[in-house]
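Have a look at the structure below, then the notes.
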Amino acid sequence: MTDQSEIRDHGEFFCASRPAGSPPVFTRDHVNPDIWHVLPNGDRSCSYCGSLHPDDFGRLLDRGLDPDDPVEIGPTAKGYKVYVSQPDVRNASEGGIIFYSWHDPERLFVDRVVAAAKVQRDRLAALMTGGDGGGGGS
Ligand SMILES: [Zn+2]
């Protein structure tokens with residue numbers, strides 16, 4: 001229904017992180033749209049900025065909300081950038097590791113990102129305070 005979903009269906013789009021105005025690749029007669037690269041693990045990433053595809057990020061975000069799932073969603077100091085940690089992905093050549101908010105212009109993921117960050121914080125707190133033979137203090 002939105003322009004973006006139409007563009008997704010066609011597999012070509014213009015990454016919103018491209019500089020405003022007229023980026024070098026855009027001329028009147030020659031336009032190079034961006035595409036979604038398919039990474040070895042099946043994740044899609046923006047050919048311009050490297051962000052995960054919104055659908056893939058949404059799927060990983062759901063996993064990040066499950067305290068028992070190893071996928072972790074890590075907000076950064078930058079409000080527009082979210083790290084994704086997957087157990088089978090060591091770096092960006094293997095799968096998606098980052099999502100940029102300009103690929104979520106309607107801000108649909110904000111609440112779930114905040115919730116996933118809390119899941120991760122709670123998991124860390126449980127690890128730090130759970131006393132199963134860890135080196136407590138004495
Ligand atoms: Zn992009």
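Here, A, B, ... name the chains of the structure tokens in the order displayed, residue numbers run from 1 inside each chain, and ligands are numbered from 1 in the same displayed order.
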Quick one: everything within 12 Å of stretch 65-76 of chain A, counting only C-alpha atoms, minus sequence neighbours fewer than 3 positions away in the same chain. Send it as a JSON list (two decimals) with N, CA and C atoms, in the first residue's frame.
```json
[["chain", "number", "residue", "atom", "x", "y", "z"],
["A", 57, "PHE", "N", 14.84, -7.85, 9.60],
["A", 57, "PHE", "CA", 15.05, -7.27, 10.93],
["A", 57, "PHE", "C", 13.86, -7.58, 11.83],
["A", 58, "GLY", "N", 12.66, -7.47, 11.31],
["A", 58, "GLY", "CA", 11.47, -7.77, 12.11],
["A", 58, "GLY", "C", 11.48, -9.20, 12.63],
["A", 59, "ARG", "N", 11.90, -10.11, 11.78],
["A", 59, "ARG", "CA", 11.98, -11.53, 12.18],
["A", 59, "ARG", "C", 13.02, -11.71, 13.29],
["A", 60, "LEU", "N", 14.19, -11.08, 13.11],
["A", 60, "LEU", "CA", 15.24, -11.20, 14.12],
["A", 60, "LEU", "C", 14.85, -10.48, 15.41],
["A", 61, "LEU", "N", 14.11, -9.39, 15.25],
["A", 61, "LEU", "CA", 13.65, -8.65, 16.43],
["A", 61, "LEU", "C", 12.72, -9.51, 17.27],
["A", 62, "ASP", "N", 11.85, -10.25, 16.61],
["A", 62, "ASP", "CA", 10.97, -11.16, 17.35],
["A", 62, "ASP", "C", 11.79, -12.20, 18.12],
["A", 79, "GLY", "N", 20.77, 6.84, 17.76],
["A", 79, "GLY", "CA", 19.36, 6.49, 17.75],
["A", 79, "GLY", "C", 18.88, 5.83, 16.48],
["A", 80, "TYR", "N", 19.66, 5.94, 15.44],
["A", 80, "TYR", "CA", 19.21, 5.42, 14.15],
["A", 80, "TYR", "C", 19.81, 4.06, 13.82],
["A", 81, "LYS", "N", 20.60, 3.50, 14.74],
["A", 81, "LYS", "CA", 21.36, 2.29, 14.44],
["A", 81, "LYS", "C", 21.14, 1.24, 15.52],
["A", 82, "VAL", "N", 20.86, 0.00, 15.08],
["A", 82, "VAL", "CA", 20.65, -1.10, 16.02],
["A", 82, "VAL", "C", 21.50, -2.28, 15.56],
["A", 83, "TYR", "N", 22.27, -2.84, 16.49],
["A", 83, "TYR", "CA", 23.06, -4.02, 16.16],
["A", 83, "TYR", "C", 22.25, -5.29, 16.37],
["A", 84, "VAL", "N", 22.50, -6.27, 15.52],
["A", 84, "VAL", "CA", 21.86, -7.56, 15.66],
["A", 84, "VAL", "C", 22.96, -8.61, 15.78],
["A", 85, "SER", "N", 22.88, -9.42, 16.83],
["A", 85, "SER", "CA", 23.85, -10.49, 17.02],
["A", 85, "SER", "C", 23.17, -11.83, 16.82],
["A", 86, "GLN", "N", 23.65, -12.58, 15.84],
["A", 86, "GLN", "CA", 23.11, -13.92, 15.58],
["A", 86, "GLN", "C", 24.22, -14.94, 15.83],
["A", 87, "PRO", "N", 23.88, -16.08, 16.43],
["A", 87, "PRO", "CA", 24.91, -17.04, 16.79],
["A", 87, "PRO", "C", 25.69, -17.59, 15.60],
["A", 88, "ASP", "N", 25.06, -17.63, 14.43],
["A", 88, "ASP", "CA", 25.73, -18.22, 13.27],
["A", 88, "ASP", "C", 26.31, -17.17, 12.33],
["A", 89, "VAL", "N", 26.35, -15.93, 12.78],
["A", 89, "VAL", "CA", 26.86, -14.85, 11.94],
["A", 89, "VAL", "C", 28.01, -14.15, 12.65],
["A", 96, "GLY", "N", 23.12, -10.56, 8.28],
["A", 96, "GLY", "CA", 22.84, -9.20, 8.70],
["A", 96, "GLY", "C", 23.27, -8.95, 10.14],
["A", 97, "ILE", "N", 23.91, -7.80, 10.36],
["A", 97, "ILE", "CA", 24.38, -7.47, 11.71],
["A", 97, "ILE", "C", 23.91, -6.09, 12.16],
["A", 98, "ILE", "N", 23.23, -5.36, 11.30],
["A", 98, "ILE", "CA", 22.89, -3.99, 11.66],
["A", 98, "ILE", "C", 21.59, -3.59, 10.97],
["A", 99, "PHE", "N", 20.87, -2.71, 11.62],
["A", 99, "PHE", "CA", 19.66, -2.16, 11.00],
["A", 99, "PHE", "C", 19.66, -0.66, 11.21],
["A", 100, "TYR", "N", 19.36, 0.08, 10.15],
["A", 100, "TYR", "CA", 19.28, 1.53, 10.23],
["A", 100, "TYR", "C", 17.84, 1.99, 10.15],
["A", 101, "SER", "N", 17.50, 2.94, 11.02],
["A", 101, "SER", "CA", 16.10, 3.33, 11.16],
["A", 101, "SER", "C", 15.52, 3.97, 9.90],
["A", 109, "PHE", "N", 9.25, -0.28, 14.36],
["A", 109, "PHE", "CA", 10.02, -1.20, 15.19],
["A", 109, "PHE", "C", 10.40, -0.63, 16.55],
["A", 110, "VAL", "N", 10.15, 0.64, 16.78],
["A", 110, "VAL", "CA", 10.69, 1.30, 17.96],
["A", 110, "VAL", "C", 10.31, 0.58, 19.26],
["A", 111, "ASP", "N", 9.04, 0.30, 19.44],
["A", 111, "ASP", "CA", 8.60, -0.32, 20.70],
["A", 111, "ASP", "C", 9.25, -1.68, 20.91],
["A", 112, "ARG", "N", 9.36, -2.45, 19.82],
["A", 112, "ARG", "CA", 9.95, -3.79, 19.95],
["A", 112, "ARG", "C", 11.46, -3.72, 20.18],
["A", 113, "VAL", "N", 12.11, -2.71, 19.61],
["A", 113, "VAL", "CA", 13.55, -2.55, 19.86],
["A", 113, "VAL", "C", 13.78, -2.25, 21.35],
["A", 114, "VAL", "N", 12.97, -1.37, 21.90],
["A", 114, "VAL", "CA", 13.09, -1.02, 23.32],
["A", 114, "VAL", "C", 12.84, -2.26, 24.17],
["A", 115, "ALA", "N", 11.81, -3.04, 23.81],
["A", 115, "ALA", "CA", 11.49, -4.25, 24.58],
["A", 115, "ALA", "C", 12.60, -5.28, 24.46],
["A", 116, "ALA", "N", 13.18, -5.42, 23.27],
["A", 116, "ALA", "CA", 14.25, -6.40, 23.07],
["A", 116, "ALA", "C", 15.50, -5.99, 23.85],
["A", 117, "ALA", "N", 15.74, -4.69, 23.94],
["A", 117, "ALA", "CA", 16.88, -4.21, 24.73],
["A", 117, "ALA", "C", 16.68, -4.55, 26.20],
["A", 118, "LYS", "N", 15.45, -4.48, 26.66],
["A", 118, "LYS", "CA", 15.16, -4.81, 28.06],
["A", 118, "LYS", "C", 15.35, -6.32, 28.29],
["A", 119, "VAL", "N", 14.94, -7.13, 27.32],
["A", 119, "VAL", "CA", 15.15, -8.57, 27.44],
["A", 119, "VAL", "C", 16.64, -8.86, 27.62],
["A", 120, "GLN", "N", 17.44, -8.18, 26.80],
["A", 120, "GLN", "CA", 18.88, -8.41, 26.86],
["A", 120, "GLN", "C", 19.46, -7.93, 28.18],
["A", 121, "ARG", "N", 18.98, -6.80, 28.67],
["A", 121, "ARG", "CA", 19.46, -6.26, 29.93],
["A", 121, "ARG", "C", 19.10, -7.20, 31.09],
["A", 122, "ASP", "N", 17.87, -7.70, 31.05],
["A", 122, "ASP", "CA", 17.43, -8.63, 32.09],
["A", 122, "ASP", "C", 18.24, -9.92, 32.05],
["A", 123, "ARG", "N", 18.55, -10.37, 30.84],
["A", 123, "ARG", "CA", 19.33, -11.60, 30.70],
["A", 123, "ARG", "C", 20.74, -11.40, 31.28],
["A", 124, "LEU", "N", 21.32, -10.25, 31.00],
["A", 124, "LEU", "CA", 22.64, -9.95, 31.55],
["A", 124, "LEU", "C", 22.58, -9.85, 33.08],
["A", 126, "ALA", "N", 20.53, -11.35, 35.03],
["A", 126, "ALA", "CA", 20.36, -12.70, 35.58],
["A", 126, "ALA", "C", 21.68, -13.44, 35.59]]
```
Any residue with an atom at most 12 Å from ligand 1 counts, using only C-alpha atoms and all ligand atoms. Which are they? Put them as number ranges by chain. A: 12-19, 33-37, 44-54, 80-81, 98-105
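Of the residues listed (A:Arg63, A:Gly95, A:Glu106, A:Ala77), A:Gly95 shows the shortest atom-to-atom separation from A:Pro40; distances use only C-alpha atoms.
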